[in-house]
Structure formats: structure tokens, C-alpha cells
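Asker: Sharing a structure below in C-alpha cells format, with a few things to ask.
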Amino acid sequence: MSESEETVFVIVVNWNNAGDTIRCLQSLSSVAYLPMRVMVVDNGSTDCSVAEIRQHFPQYEILELESNRGFGGGCNAGHDKALEKGAGYVVFLNNDTVVDPGFLEPLIVPLRERDTLAVTVPRIYFMNRPDRIWYAGGEVNLLTGRIAHRGIRQPDGKRFDFPLETAYATGCCLAVRAGDFRDAGGFDPSFSMYAEDVDLSLRMRKGGKKILYVPVSKVWHRVSASGGGELGLSRLWKKNRSMLRLLVKYRAWPGILLYLLLAPFRLAQGAAAVREFNRGK
């Protein structure tokens with residue numbers, strides 16, 4: 001492969017949150033992988049984010065959008081710019097994360113070696129509970145309306161140490177060939193936030209490609225930093241709206257019915273799990 005075909009663009013979307021973004025970029029500055037390039041997509045911030053980020057990291061490119069296009073739209077814009085610059089691979093990374101210095105190469109190598117793979121995704125921990133799993137694979141059942149992270153809030157352990165094919169990759173951090181992402185149509189921007197990653201994963205799998213969980217690649221996530229925490233009303237509203245949009249898009253009518261019927265129970269169960277988890281700090 002030529003150097004341009006091997007080039008990896010790590011794309012970080014920022015919106016009025018320079019503090020988290022700078023922390024994320026600081027962790028990326030310790031990643032020893034060449035050729036890696038970092039691009040910040042600013043989603044029409046109205047604060048001083050761009051100036052602050054540029055002051056701390058003048059070596060990184062910043063793509064300034066005039067308006068907030070949502071997470072998916074911001075990622076799409078970053079991908080298009082990276083593709084123009086010859087990207088072979090792109091990694092979408094939430095700005096409220098920090099990465100292990102060795103996180104990148106294990107995500108890229110399987111994509112380079114296995115044409116059947118569409119996406120790779122790391123093991124992701126809670127930032128405030130770094131011994132607890134946030135994501136170790138994804139489960140999707142459109143017939144029941146259930147979409148969940150494997151291992152969420154469980155202590156890390158050997159059972160999460162093995163690579164495996166999984167149903168969906170979280171947009172918190174995923175790696176993909178730039179051309180595959182283009183050919184799949186990118187993220188559906190109508191989701192704005194939440195479920196765009198599940199939708200992309202379903203489309204990739206429908207095209208015959210697979211998604212691989214890569215546990216040796218590690219990331220830590222400050223969960224729902226932009227939505228007031230896991231129980232933030234804004235987060236809950238946007239997430240449930242996007243889940244229903246996803247089920248409608250895939251005409252999963254039984255799933256819609258079950259999702260609505262079970263929503264109060266699942267919400268109560270989830271809230272109890274979050275509170276118990278937070279008490280364990």
C-alpha cells in the first residue's frame with residue numbers, strides 16, 4: 001500500500017466543549033502510530049472552543065462548520081475532508097474520551113488483513129470507574145427493540161479479553177476504511193445523536209461485512225458528558241427518540257410495540273443500575 005492508503009485520520013467532533021476535546025487530544029498526542037493524522041471537526045461552536053484548541057494543538061487540523069450538524073453530520077464532514085486528503089482509514093472518536101497510547105494499531109491491522117471486516121471497535125471503560133466495562137461488544141434485536149452494550153458496568157475480566165464479531169460498533173470509537181464508509185453512505189444525519197452508529201452497523205452487515213470487537217485496544221469514556229450524565233433528561237429524550245426512529249427506518253413494527261410497552265420498565269431498571277453503579281464510586 002502507498003503511504004496515503006495507509007494514512008489514518010482520527011476525527012474528533014467538538015461542540016462548545018474545548019475542555020474535554022483538549023483532554024482527548026492530549027491522549028492522542030501520546031499515540032505512536034505512523035502515519036496518523038488528527039482532525040477536529042468543530043460543529044459550529046459559539047464559545048471560544050476553536051481558539052482554545054488551536055492554541056493547545058496548532059499541529060492538528062480544525063475543520064470549522066458554520067452550524068451544528070449533529071454527531072453524525074460532523075463525522076461525515078470530517079470523513080469527506082479526510083478522504084480528499086487521501087485517508088485510507090478513519091477513526092471516529094468521541095471528544096469525551098482518552099485513549100491508550102497503543103489503541104490505534106490493533107484497530108487498523110484487522111481492517112488491513114481481512115476484507116470481510118467493515119468496522120473494528122475497542123474495549124471501552126468508564127472514565128470515572130476505569131475498572132468497569134462500558135462497551136465490550138453490542139447486541140441488537142430489532143424484533144424486541146433491544147439494543148445494549150455487552151458487559152456494561154461489569155468489572156473488567158478475562159471473559160472480555162477475546163476478539164469477537166459483534167452486532168454493532170459504538171460511535172464512541174470505531175475504525176473503518178474511508179472508502180467503505182463512503183460507499184455505505186456515512187452516518188444518517190437524521191438521527192442527530194444516538195442510534196446513528198447502530199444504523200451504520202446494520203447497513204454494513206447487510207452489505208456482507210462484519211464488525212470486530214478488539215479488546216487489546218482500550219479507550220476510556222466520560223459517559224454522556226454532553227447530555228447531563230446517563231440519567232440526564234436531554235439524553236433520555238434524544239436516545240429514546242432515536243431508538244424509535246431506528247425501528248421505524250427498519251420497519252421493525254413488533255419492535256416498536258415492545259419498545260413502547262417495555263420502555264417504562266427498562267427505564268426504571270436502567271436508572272436503578274446507574275444509581276447502584278454510581279454509589280460504588
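Every chain in the C-alpha cells takes a letter, A first, then B, and so on in the order presented; its residues are numbered from 1, and the ligands are numbered from 1 following the presented order.
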Do you know which residues are at most 8 Å from stretch 193-205 of chain A counting only C-alpha atoms, after dropping those on the same chain fewer than 4 positions away, and could you put them as a list in words?

Answerer: Gly70, Phe71, Gly72, Ala118, Ala167, Tyr168, Ala169, Thr170, Gly171, Ala184, Gly186, Phe187, Asp188, Pro189, Lys209, Lys210, Ile211, Lys238, Lys239, Ser242, Met243 and Leu246 of chain A

Asker: From a backbone DSSP assignment, name each residue in stretch 119-223 of chain A labelled strand (DSSP E or B), as number ranges by chain.

Answerer: A: 119-126, 132-135, 138-141, 146-149, 155, 164-165, 173-177, 210-221

Asker: Which polymer residues have any atom within 12 Å of an atom of A:Phe57, counting only C-alpha atoms, with same-chain residues fewer than 2 positions away left out, as a ChimeraX atom specification?

Answerer: /A:18,21-29,38-40,49-55,59-62

Asker: Do you know which residues are at most 12 Å from A:Glu84 counting only C-alpha atoms, after dropping those on the same chain fewer than 3 positions away, and could you put them as a PyMOL selection string?

Answerer: chain A and resi 4-5+9+77-81+87-88+178-179+182

Asker: Can you tell me, as a PyMOL selection string, what residues are no more than 7 Å from A:Ile256 when counting only C-alpha atoms, ignoring any on the same chain fewer than 3 positions away?

Answerer: chain A and resi 145+244+247+252-253+259-260

Asker: For A:Arg129, which residue out of A:Leu174, A:Val91, A:Val223, A:Leu164 is the nearest one, using only C-alpha atoms?

Answerer: A:Val223

Asker: So which residues touch A:Thr46 within 12 Å, counting only C-alpha atoms, skipping near sequence neighbours fewer than 4 positions away, as a ChimeraX atom specification?

Answerer: /A:14-18,42,50-51,64-68

Asker: As a list of chain:residue names, please: every residue in stretch 46-81 of chain A that a backbone DSSP assignment puts in helix (DSSP H, G or I).

Answerer: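 After running DSSP on the backbone, stretch 46-81 of chain A has helix (DSSP H, G or I) at A:Ser49, A:Val50, A:Ala51, A:Glu52, A:Ile53, A:Arg54, A:Gln55, A:His56, A:Gly70, A:Phe71, A:Gly72, A:Gly73, A:Gly74, A:Cys75, A:Asn76, A:Ala77, A:Gly78, A:His79, A:Asp80, A:Lys81.
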
Asker: I need the residues from that last selection saved to file as a CSV table (one decimal), in the first residue's frame (with all heavy atoms), if you can.

Answerer:
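Final output, saved to again-v5.csv:
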```
chain,number,residue,atom,x,y,z
A,49,SER,N,-14.1,27.7,21.7
A,49,SER,CA,-13.5,26.3,21.5
A,49,SER,C,-12.4,26.3,20.5
A,49,SER,O,-11.3,25.8,20.8
A,49,SER,CB,-14.6,25.3,21.1
A,49,SER,OG,-15.4,25.0,22.2
A,50,VAL,N,-12.7,26.8,19.3
A,50,VAL,CA,-11.7,26.7,18.2
A,50,VAL,C,-10.4,27.4,18.6
A,50,VAL,O,-9.3,26.8,18.4
A,50,VAL,CB,-12.2,27.3,16.9
A,50,VAL,CG1,-11.2,27.4,15.9
A,50,VAL,CG2,-13.4,26.5,16.4
A,51,ALA,N,-10.5,28.6,19.2
A,51,ALA,CA,-9.2,29.3,19.6
A,51,ALA,C,-8.5,28.5,20.7
A,51,ALA,O,-7.2,28.4,20.6
A,51,ALA,CB,-9.6,30.7,20.1
A,52,GLU,N,-9.2,28.0,21.6
A,52,GLU,CA,-8.5,27.2,22.7
A,52,GLU,C,-7.9,26.0,22.2
A,52,GLU,O,-6.7,25.7,22.5
A,52,GLU,CB,-9.5,26.9,23.8
A,52,GLU,CG,-10.0,28.1,24.6
A,52,GLU,CD,-11.0,27.6,25.7
A,52,GLU,OE1,-10.7,26.6,26.4
A,52,GLU,OE2,-12.0,28.3,25.9
A,53,ILE,N,-8.6,25.3,21.3
A,53,ILE,CA,-8.0,24.0,20.8
A,53,ILE,C,-6.8,24.3,19.9
A,53,ILE,O,-5.7,23.7,20.0
A,53,ILE,CB,-9.1,23.3,20.0
A,53,ILE,CG1,-10.2,22.8,20.9
A,53,ILE,CG2,-8.4,22.1,19.2
A,53,ILE,CD1,-11.4,22.3,20.2
A,54,ARG,N,-6.9,25.3,19.1
A,54,ARG,CA,-5.8,25.7,18.2
A,54,ARG,C,-4.6,26.2,19.0
A,54,ARG,O,-3.4,25.9,18.7
A,54,ARG,CB,-6.2,26.8,17.2
A,54,ARG,CG,-5.2,27.2,16.2
A,54,ARG,CD,-5.8,28.0,15.1
A,54,ARG,NE,-6.6,27.2,14.2
A,54,ARG,CZ,-7.8,27.5,13.8
A,54,ARG,NH1,-8.4,28.6,14.3
A,54,ARG,NH2,-8.5,26.8,12.9
A,55,GLN,N,-4.8,26.9,20.1
A,55,GLN,CA,-3.7,27.3,21.0
A,55,GLN,C,-2.9,26.1,21.6
A,55,GLN,O,-1.7,26.2,21.6
A,55,GLN,CB,-4.2,28.2,22.1
A,55,GLN,CG,-3.2,28.7,23.0
A,55,GLN,CD,-3.7,29.6,24.2
A,55,GLN,OE1,-4.9,29.8,24.3
A,55,GLN,NE2,-2.9,30.0,25.0
A,56,HIS,N,-3.7,25.1,22.0
A,56,HIS,CA,-3.0,24.0,22.6
A,56,HIS,C,-2.4,23.0,21.6
A,56,HIS,O,-1.4,22.4,21.8
A,56,HIS,CB,-4.0,23.2,23.5
A,56,HIS,CG,-4.3,23.9,24.8
A,56,HIS,ND1,-5.2,24.9,24.9
A,56,HIS,CD2,-3.8,23.6,26.0
A,56,HIS,CE1,-5.2,25.3,26.2
A,56,HIS,NE2,-4.4,24.5,26.9
A,70,GLY,N,-24.9,18.0,14.2
A,70,GLY,CA,-25.1,16.8,15.0
A,70,GLY,C,-23.9,15.9,14.9
A,70,GLY,O,-22.9,16.2,14.1
A,71,PHE,N,-23.8,14.9,15.7
A,71,PHE,CA,-22.7,14.0,15.7
A,71,PHE,C,-22.4,13.4,14.3
A,71,PHE,O,-21.3,13.4,13.8
A,71,PHE,CB,-22.8,12.9,16.8
A,71,PHE,CG,-21.7,11.9,16.8
A,71,PHE,CD1,-20.5,12.2,17.3
A,71,PHE,CD2,-21.9,10.6,16.2
A,71,PHE,CE1,-19.4,11.3,17.3
A,71,PHE,CE2,-20.9,9.7,16.2
A,71,PHE,CZ,-19.6,10.0,16.8
A,72,GLY,N,-23.5,12.7,13.8
A,72,GLY,CA,-23.3,12.1,12.5
A,72,GLY,C,-22.9,13.0,11.4
A,72,GLY,O,-22.0,12.7,10.6
A,73,GLY,N,-23.5,14.1,11.3
A,73,GLY,CA,-23.2,15.1,10.3
A,73,GLY,C,-21.8,15.7,10.4
A,73,GLY,O,-21.1,15.9,9.4
A,74,GLY,N,-21.4,15.9,11.7
A,74,GLY,CA,-20.0,16.3,11.9
A,74,GLY,C,-19.0,15.3,11.5
A,74,GLY,O,-18.0,15.6,10.8
A,75,CYS,N,-19.2,14.0,11.8
A,75,CYS,CA,-18.4,12.9,11.4
A,75,CYS,C,-18.3,12.8,9.9
A,75,CYS,O,-17.2,12.6,9.3
A,75,CYS,CB,-18.8,11.6,12.0
A,75,CYS,SG,-18.5,11.5,13.8
A,76,ASN,N,-19.5,12.9,9.2
A,76,ASN,CA,-19.5,12.8,7.8
A,76,ASN,C,-18.6,13.9,7.1
A,76,ASN,O,-17.9,13.7,6.2
A,76,ASN,CB,-20.9,13.0,7.3
A,76,ASN,CG,-21.8,11.7,7.6
A,76,ASN,OD1,-21.3,10.7,8.0
A,76,ASN,ND2,-23.1,11.9,7.5
A,77,ALA,N,-18.7,15.2,7.7
A,77,ALA,CA,-17.9,16.3,7.1
A,77,ALA,C,-16.5,16.0,7.3
A,77,ALA,O,-15.6,16.2,6.4
A,77,ALA,CB,-18.3,17.6,7.8
A,78,GLY,N,-16.1,15.5,8.5
A,78,GLY,CA,-14.7,15.2,8.7
A,78,GLY,C,-14.2,14.1,7.8
A,78,GLY,O,-13.1,14.1,7.3
A,79,HIS,N,-15.0,13.0,7.6
A,79,HIS,CA,-14.6,12.0,6.7
A,79,HIS,C,-14.4,12.5,5.3
A,79,HIS,O,-13.4,12.1,4.6
A,79,HIS,CB,-15.7,10.9,6.7
A,79,HIS,CG,-15.6,9.9,5.5
A,79,HIS,ND1,-16.3,10.2,4.4
A,79,HIS,CD2,-14.9,8.8,5.4
A,79,HIS,CE1,-16.0,9.2,3.5
A,79,HIS,NE2,-15.2,8.4,4.1
A,80,ASP,N,-15.3,13.3,4.8
A,80,ASP,CA,-15.2,13.8,3.4
A,80,ASP,C,-13.9,14.6,3.3
A,80,ASP,O,-13.2,14.4,2.2
A,80,ASP,CB,-16.4,14.7,3.1
A,80,ASP,CG,-17.7,13.9,3.0
A,80,ASP,OD1,-17.7,12.6,3.0
A,80,ASP,OD2,-18.8,14.5,3.0
A,81,LYS,N,-13.6,15.4,4.2
A,81,LYS,CA,-12.3,16.2,4.2
A,81,LYS,C,-11.1,15.2,4.2
A,81,LYS,O,-10.2,15.4,3.5
A,81,LYS,CB,-12.3,17.2,5.3
A,81,LYS,CG,-11.0,18.1,5.3
A,81,LYS,CD,-10.9,18.9,4.0
A,81,LYS,CE,-11.9,19.9,3.9
A,81,LYS,NZ,-11.7,20.8,2.7
```

Asker: Of the candidates A:Val10, A:Leu34, A:Val274, A:Leu233, which shows the shortest atom-to-atom distance to A:Asn94, using only C-alpha atoms?

Answerer: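 For A:Asn94, the nearest of the given residues is A:Val10.
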
Asker: Each residue of stretch 194-268 of chain A lying at most 9 Å from stretch 96-116 of chain A should get a row with its shortest atom-to-atom pair and the distance in Å to one decimal, counting only C-alpha atoms; could you produce that, ordered by chain and increasing number, as CSV?

Answerer:
```
residue,atom,partner,partner_atom,distance
A:Gly208,CA,A:Thr116,CA,7.5
A:Lys209,CA,A:Thr116,CA,5.2
A:Lys210,CA,A:Thr116,CA,6.1
A:Ile211,CA,A:Thr116,CA,8.9
A:Leu212,CA,A:Pro110,CA,8.5
A:Tyr213,CA,A:Leu107,CA,8.9
A:Val214,CA,A:Leu107,CA,6.7
A:Pro215,CA,A:Pro106,CA,8.9
A:Val216,CA,A:Pro106,CA,6.9
A:Ser217,CA,A:Phe103,CA,4.3
A:Lys218,CA,A:Phe103,CA,5.5
A:Val219,CA,A:Val99,CA,4.5
A:Trp220,CA,A:Val98,CA,5.3
A:His221,CA,A:Thr97,CA,4.4
A:Arg222,CA,A:Asp96,CA,5.4
A:Val223,CA,A:Asp96,CA,7.6
A:Ser224,CA,A:Asp96,CA,8.3
A:Ala225,CA,A:Asp96,CA,6.6
A:Ser226,CA,A:Asp96,CA,8.4
```

Asker: Any chance you could export the current selection's N, CA, C and O atoms as a PDB file, in the first residue's frame?

Answerer:
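As written to disk, again_30.pdb reads:
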```pdb
ATOM      1  N   GLY A 208     -22.832  -7.497   3.807  1.00  0.00           N
ATOM      2  CA  GLY A 208     -21.999  -8.692   3.881  1.00  0.00           C
ATOM      3  C   GLY A 208     -20.724  -8.537   4.679  1.00  0.00           C
ATOM      4  O   GLY A 208     -19.908  -9.469   4.740  1.00  0.00           O
ATOM      5  N   LYS A 209     -20.525  -7.379   5.314  1.00  0.00           N
ATOM      6  CA  LYS A 209     -19.314  -7.142   6.096  1.00  0.00           C
ATOM      7  C   LYS A 209     -19.561  -7.430   7.575  1.00  0.00           C
ATOM      8  O   LYS A 209     -20.696  -7.479   8.047  1.00  0.00           O
ATOM      9  N   LYS A 210     -18.462  -7.572   8.317  1.00  0.00           N
ATOM     10  CA  LYS A 210     -18.542  -7.912   9.732  1.00  0.00           C
ATOM     11  C   LYS A 210     -17.933  -6.810  10.597  1.00  0.00           C
ATOM     12  O   LYS A 210     -17.164  -5.971  10.115  1.00  0.00           O
ATOM     13  N   ILE A 211     -18.291  -6.859  11.884  1.00  0.00           N
ATOM     14  CA  ILE A 211     -17.808  -5.884  12.857  1.00  0.00           C
ATOM     15  C   ILE A 211     -17.045  -6.649  13.929  1.00  0.00           C
ATOM     16  O   ILE A 211     -17.540  -7.652  14.459  1.00  0.00           O
ATOM     17  N   LEU A 212     -15.841  -6.190  14.239  1.00  0.00           N
ATOM     18  CA  LEU A 212     -14.973  -6.921  15.159  1.00  0.00           C
ATOM     19  C   LEU A 212     -14.675  -6.098  16.402  1.00  0.00           C
ATOM     20  O   LEU A 212     -14.208  -4.950  16.325  1.00  0.00           O
ATOM     21  N   TYR A 213     -14.947  -6.697  17.557  1.00  0.00           N
ATOM     22  CA  TYR A 213     -14.547  -6.145  18.849  1.00  0.00           C
ATOM     23  C   TYR A 213     -13.096  -6.528  19.103  1.00  0.00           C
ATOM     24  O   TYR A 213     -12.734  -7.703  19.031  1.00  0.00           O
ATOM     25  N   VAL A 214     -12.250  -5.518  19.377  1.00  0.00           N
ATOM     26  CA  VAL A 214     -10.808  -5.716  19.531  1.00  0.00           C
ATOM     27  C   VAL A 214     -10.415  -5.319  20.951  1.00  0.00           C
ATOM     28  O   VAL A 214     -10.151  -4.139  21.229  1.00  0.00           O
ATOM     29  N   PRO A 215     -10.358  -6.266  21.889  1.00  0.00           N
ATOM     30  CA  PRO A 215     -10.187  -5.910  23.295  1.00  0.00           C
ATOM     31  C   PRO A 215      -8.824  -5.355  23.660  1.00  0.00           C
ATOM     32  O   PRO A 215      -8.693  -4.660  24.679  1.00  0.00           O
ATOM     33  N   VAL A 216      -7.786  -5.640  22.864  1.00  0.00           N
ATOM     34  CA  VAL A 216      -6.460  -5.131  23.209  1.00  0.00           C
ATOM     35  C   VAL A 216      -6.374  -3.623  22.991  1.00  0.00           C
ATOM     36  O   VAL A 216      -5.509  -2.946  23.555  1.00  0.00           O
ATOM     37  N   SER A 217      -7.269  -3.079  22.195  1.00  0.00           N
ATOM     38  CA  SER A 217      -7.387  -1.629  22.012  1.00  0.00           C
ATOM     39  C   SER A 217      -8.285  -1.075  23.107  1.00  0.00           C
ATOM     40  O   SER A 217      -9.413  -1.534  23.283  1.00  0.00           O
ATOM     41  N   LYS A 218      -7.792  -0.070  23.849  1.00  0.00           N
ATOM     42  CA  LYS A 218      -8.515   0.393  25.033  1.00  0.00           C
ATOM     43  C   LYS A 218      -8.741   1.904  25.016  1.00  0.00           C
ATOM     44  O   LYS A 218      -7.854   2.681  24.677  1.00  0.00           O
ATOM     45  N   VAL A 219      -9.971   2.268  25.424  1.00  0.00           N
ATOM     46  CA  VAL A 219     -10.399   3.666  25.469  1.00  0.00           C
ATOM     47  C   VAL A 219     -11.202   3.860  26.751  1.00  0.00           C
ATOM     48  O   VAL A 219     -11.882   2.938  27.206  1.00  0.00           O
ATOM     49  N   TRP A 220     -11.129   5.074  27.305  1.00  0.00           N
ATOM     50  CA  TRP A 220     -11.918   5.419  28.490  1.00  0.00           C
ATOM     51  C   TRP A 220     -12.862   6.558  28.141  1.00  0.00           C
ATOM     52  O   TRP A 220     -12.463   7.529  27.499  1.00  0.00           O
ATOM     53  N   HIS A 221     -14.115   6.446  28.579  1.00  0.00           N
ATOM     54  CA  HIS A 221     -15.190   7.329  28.120  1.00  0.00           C
ATOM     55  C   HIS A 221     -15.867   8.008  29.309  1.00  0.00           C
ATOM     56  O   HIS A 221     -16.302   7.343  30.247  1.00  0.00           O
ATOM     57  N   ARG A 222     -15.930   9.336  29.260  1.00  0.00           N
ATOM     58  CA  ARG A 222     -16.702  10.086  30.259  1.00  0.00           C
ATOM     59  C   ARG A 222     -18.143  10.104  29.768  1.00  0.00           C
ATOM     60  O   ARG A 222     -18.549  10.961  28.989  1.00  0.00           O
ATOM     61  N   VAL A 223     -18.910   9.158  30.237  1.00  0.00           N
ATOM     62  CA  VAL A 223     -20.187   8.800  29.615  1.00  0.00           C
ATOM     63  C   VAL A 223     -21.188   9.951  29.644  1.00  0.00           C
ATOM     64  O   VAL A 223     -21.431  10.548  30.694  1.00  0.00           O
ATOM     65  N   SER A 224     -21.751  10.221  28.457  1.00  0.00           N
ATOM     66  CA  SER A 224     -22.813  11.220  28.295  1.00  0.00           C
ATOM     67  C   SER A 224     -22.422  12.581  28.831  1.00  0.00           C
ATOM     68  O   SER A 224     -23.216  13.286  29.435  1.00  0.00           O
ATOM     69  N   ALA A 225     -21.178  12.972  28.570  1.00  0.00           N
ATOM     70  CA  ALA A 225     -20.726  14.282  29.036  1.00  0.00           C
ATOM     71  C   ALA A 225     -21.533  15.413  28.426  1.00  0.00           C
ATOM     72  O   ALA A 225     -21.746  16.455  29.045  1.00  0.00           O
ATOM     73  N   SER A 226     -22.034  15.223  27.206  1.00  0.00           N
ATOM     74  CA  SER A 226     -22.782  16.288  26.533  1.00  0.00           C
ATOM     75  C   SER A 226     -24.271  16.243  26.822  1.00  0.00           C
ATOM     76  O   SER A 226     -25.019  17.090  26.351  1.00  0.00           O
TER      77      SER A 226
END
```

Asker: To one decimal place, how far is atom CA of A:Gly86 from atom CA of A:Val119 in Å?

Answerer: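 One can read the atom CA of A:Gly86 to atom CA of A:Val119 distance as 18.9 Å.
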
Asker: Interatomic distance between atom CA of A:Arg146 and atom CA of A:Gly255?

Answerer: 8.0 Å

Asker: If I take atom CA of A:Leu63 and atom CA of A:Phe92, how far is one from the other in Å, to one decimal?

Answerer: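 Atom-to-atom, atom CA of A:Leu63 and atom CA of A:Phe92 are spaced 14.3 Å apart.
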